[in-house]
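**Q** This is the structure, below, for whatever I ask next.
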Protein chains: 2
Amino acid sequence: MIVQTKSVRFDSISLDGGSTVAPVDVAYQSYGVLNAARSNAILVSHAFSGDAHAAGISPETGKPGWWDNMIGPGKAFDTNKYFVLCSNVLGGCRGTTGPSSVNPATGKPYAMSFPIITIGDMVRLQKMLVEHLGIQRLLAATGGSMGGMQALEWAVAYPGMVASAIPIATTARHSAQQIAFDEVGRQAVMADPDWAGGDYYDKNPPARGLSVARMVGHITYMSDDSMREKFGRRLRNRDEFGSDFEAEFEVESYLRYRGSQFVYRFDANSYLYITKAMDYFDLANGCASLAQALERATARFLVISFTSDWLYPSYQSQEIVNALRSRNKDVAYCELNSNYGHDAFLVDVGEQTEMVRGFLARVAREEGVL
Amino acid sequence: MIVQTKSVRFDSISLDGGSTVAPVDVAYQSYGVLNAARSNAILVSHAFSGDAHAAGISPETGKPGWWDNMIGPGKAFDTNKYFVLCSNVLGGCRGTTGPSSVNPATGKPYAMSFPIITIGDMVRLQKMLVEHLGIQRLLAATGGSMGGMQALEWAVAYPGMVASAIPIATTARHSAQQIAFDEVGRQAVMADPDWAGGDYYDKNPPARGLSVARMVGHITYMSDDSMREKFGRRLRNRDEFGSDFEAEFEVESYLRYRGSQFVYRFDANSYLYITKAMDYFDLANGCASLAQALERATARFLVISFTSDWLYPSYQSQEIVNALRSRNKDVAYCELNSNYGHDAFLVDVGEQTEMVRGFLARVAREEGVL
């Protein structure tokens, strides 16, 4: 099914950092039908490099959405029952206002004059979209990785508006190692002379730096096991070692290809702003503990992690679960077996589908939906 | 104790790739006294970015060697008993011939005309040095990380010349993930315009690219735990999030500093050649299995790994141990508890010292040394 990306413009949005972006556009897609009571809406938030195209087929690229295996008729997020919504994040480069957008005050792209943004700012903009669509309360807020951070933020920032939250393969705060990996990516972008302090929009983008950053990302998304299974030590077109530094191992050419393609669909400045938003993310900010931060949440929680995910290891999901349990919150937790590393929430969705389907059925029943 | 770096020049060395480097210099240091029988020599091989300065104090920098906590009077490699030798690897940039050395045929640095090298080539040059010093048989060949690969290579390539091998925190072959991390580093270097195809020796070196590469390396050398303990989410000079992309988290400024300093002591082309040598390394090359490759080894083995080392995880050491056991070889294995990740073999040496000391005492006794 072909799905069009829609867009809505708001006058302005106030940010956690104190500044304002005006106007602000939000690109979004939706799947399924909003019921008359507007009570069957599920908000799906995308991960770092995702966009609003979560499901169906894009008319431009002909490609399925990033969670098409989870969203659709009869799937985990069953569009025969639910109205599923996905928007591109603030600071992004896929239709929602971000550093590559034109600043009406100057007539030029914001570039590095775009204000610092947070996960809280992203969620505030989503709330504006949800309210714009006349939805008072989401049946669920969900997403994997950075999408999971947004689901957690929803539950804490707007407790009355979310009946449930399904954070997947995520964390309540970035660890030093997670910040470190993000910082390597940012440094790779900023080390590229083509980055030019962010003012590259009428010139060549920092393709080499962004490619290196993406290569690091891909390693962290996979597991040692899944890389071994996919590539092993197989050589490309050679039996013996070569005489130059062309890609020889399959894993090298794979990473180079994925890195080099990334620049065609992602803006380098968005890379900087969005990774920084993840690094700032700490659900316990301003609270004595994570448990205290989660005290005001009223949503039912389903927390999912994956055994081989070393970028967002299970212990980080367990910290969320323990904090919720310590406050007697309604929480279910599953650590799912997968060899796919962090990518598991995108590619290894069999068990995840069962967990989500059962959980949503219960929430819908308790909420009087359907 | 001040230790001078010595150097020896050989007419030429033949490489696994078929070419020859002529002449070839080897920089080395030694500690302790070679006994009359020349039977108490221990060869220590350095890791990727190490050099011949393994112990004692450098007269140039005033700094201790990289394994000074392991080598010295009364230490694991007890210089009251043993003659300890460490040389800079072939392809290096710290006194041994490598891409930054002048090619006598052109009068200019080899740069990328330097031939591809292997761990086998590094060990062949070490053998020339050892024989030059009149040593027929090493009491032990040891090292951590890439140094451990060399210890393994010694045991298989020159079985009659090594009474024992102590490979630490290493592997018999680079996995897809290890190749991937190395490839990211190489791409970061080569993406820097200052790399200039390797011809930067009379200009600025590719400092930004090499810095990014080193940052990735540092993340892989530490553990999630050790980064949390060392940095947590502590901010530098700020309470709240900032308005720019200066280093804010302590882990960011640490990585940037370590990255930026690396260019003063390491050559970017050596980075390319040496990481490639590690990626090519596969002890089982040309054999049906690792066990078959190790069949000709006659050394006693002590294999050490560390619980939190995710760059060279314990399962890779266990593969070596299993292969040796399957051929009834003399092998002891210890997985040591440490939070320090791959760096543990350099910094968390308490238990490692006990293991090495006991093992060497037995080997020395059986070899009739002392």
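As shown in the structure tokens, the chain order sets the letters A, B, ...; within each chain, residues go from 1, and ligands are also counted from 1 in the order they appear.
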Excluding range 152-158 of chain B and any residue of its chain fewer than 5 positions from it, enumerate the residues within 8 Å of it, using only C-alpha atoms, and give them as a PyMOL selection string.
**A** chain B and resi 119-120+123+141+164-165+167+172+283+293-294+296-299
**Q** Could you please write out, as a list in words, every residue of range 42-275 of chain B that DSSP assigns to strand (DSSP E)?
**A**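 Filtering range 42-275 of chain B to strand (DSSP E) leaves Ile42, Leu43, Val44, Ser45, Ile71, Gly72, Phe77, Asp78, Phe83, Val84, Leu85, Cys86, Ser87, Val102, Asn103, Lys108, Pro109, Ala140, Ala141, Thr142, Gly143, Gly144, Ser164, Ala165, Ile166, Pro167 and Ile168 of chain B.
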**Q** Output the selection as a compact mmCIF listing (two decimals), in the first residue's frame - C-alpha atoms for each residue.
**A**
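Writing done, so here's selection-v9.txt:
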```txt
# COMPACT_ATOMS: atom_id res chain seq x y z
CA ILE B 42 61.99 -13.52 26.77
CA LEU B 43 60.65 -11.71 23.74
CA VAL B 44 57.87 -9.24 24.46
CA SER B 45 55.86 -8.06 21.45
CA ILE B 71 58.95 -6.01 33.41
CA GLY B 72 61.66 -5.29 35.99
CA PHE B 77 59.09 -10.74 33.80
CA ASP B 78 61.78 -10.60 36.45
CA PHE B 83 66.77 -11.14 29.71
CA VAL B 84 63.73 -9.34 28.30
CA LEU B 85 63.71 -8.05 24.75
CA CYS B 86 61.19 -5.84 22.95
CA SER B 87 61.41 -4.54 19.38
CA VAL B 102 63.14 6.55 3.43
CA ASN B 103 63.16 4.17 0.48
CA LYS B 108 61.83 9.60 -0.29
CA PRO B 109 59.61 7.98 2.32
CA ALA B 140 59.08 -17.27 26.15
CA ALA B 141 57.39 -15.24 23.45
CA THR B 142 54.65 -13.05 24.89
CA GLY B 143 52.53 -9.99 24.37
CA GLY B 144 48.99 -8.68 24.62
CA SER B 164 56.81 -21.20 25.81
CA ALA B 165 54.23 -18.76 24.50
CA ILE B 166 52.07 -16.41 26.57
CA PRO B 167 49.42 -14.86 24.31
CA ILE B 168 47.29 -12.40 26.29
```
**Q** Can you pull out every residue within 12 Å of Ser308 in chain A, counting only C-alpha atoms, but drop anything in the same chain fewer than 5 positions away, and send it as a PDB file with C-alpha atoms, in the first residue's frame?
**A**
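And here is the file that came out, selection-v2.pdb:
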```
ATOM      1  CA  ALA A 169      15.975  -1.651  22.975  1.00  0.00           C
ATOM      2  CA  THR A 220      27.243  -0.836  16.980  1.00  0.00           C
ATOM      3  CA  TYR A 221      23.883  -1.840  15.504  1.00  0.00           C
ATOM      4  CA  MET A 222      25.047  -5.357  14.728  1.00  0.00           C
ATOM      5  CA  SER A 223      26.418  -8.005  17.068  1.00  0.00           C
ATOM      6  CA  ASP A 224      29.770  -9.791  16.944  1.00  0.00           C
ATOM      7  CA  ASP A 225      27.753 -12.941  16.103  1.00  0.00           C
ATOM      8  CA  SER A 226      25.591 -11.402  13.395  1.00  0.00           C
ATOM      9  CA  MET A 227      28.660  -9.880  11.716  1.00  0.00           C
ATOM     10  CA  PRO A 313      22.263  -3.638  26.683  1.00  0.00           C
ATOM     11  CA  SER A 314      19.491  -5.366  28.607  1.00  0.00           C
ATOM     12  CA  TYR A 315      20.758  -4.023  31.927  1.00  0.00           C
ATOM     13  CA  GLU A 335      14.446  -9.915  27.174  1.00  0.00           C
ATOM     14  CA  LEU A 336      14.116 -11.550  23.767  1.00  0.00           C
ATOM     15  CA  ASN A 337      16.686 -13.927  22.345  1.00  0.00           C
ATOM     16  CA  SER A 338      18.265 -12.651  19.162  1.00  0.00           C
ATOM     17  CA  ASN A 339      21.655 -12.697  17.473  1.00  0.00           C
ATOM     18  CA  TYR A 340      20.945  -9.494  15.571  1.00  0.00           C
ATOM     19  CA  GLY A 341      22.245  -7.034  18.138  1.00  0.00           C
ATOM     20  CA  HIS A 342      20.586  -3.635  18.352  1.00  0.00           C
ATOM     21  CA  ASP A 343      19.059  -4.144  14.891  1.00  0.00           C
ATOM     22  CA  ALA A 344      16.902  -6.932  16.354  1.00  0.00           C
ATOM     23  CA  PHE A 345      13.950  -4.604  17.021  1.00  0.00           C
ATOM     24  CA  ASP A 348      13.931 -10.060  14.301  1.00  0.00           C
TER      25      ASP A 348
END
```
**Q** Which residue out of A:Arg327, A:Lys75, A:Leu360, A:Ala268 has the minimum interatomic distance to Ala291 in chain A when only C-alpha atoms are used?
**A**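 Looking at the shortest contact to Ala291 in chain A, the residue is A:Arg327.
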**Q** In Å, how far is it from CA of Pro59 in chain B to CA of Tyr31 in chain B?
**A**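 Computed distance, CA of Pro59 in chain B to CA of Tyr31 in chain B, equals 14.8 Å.
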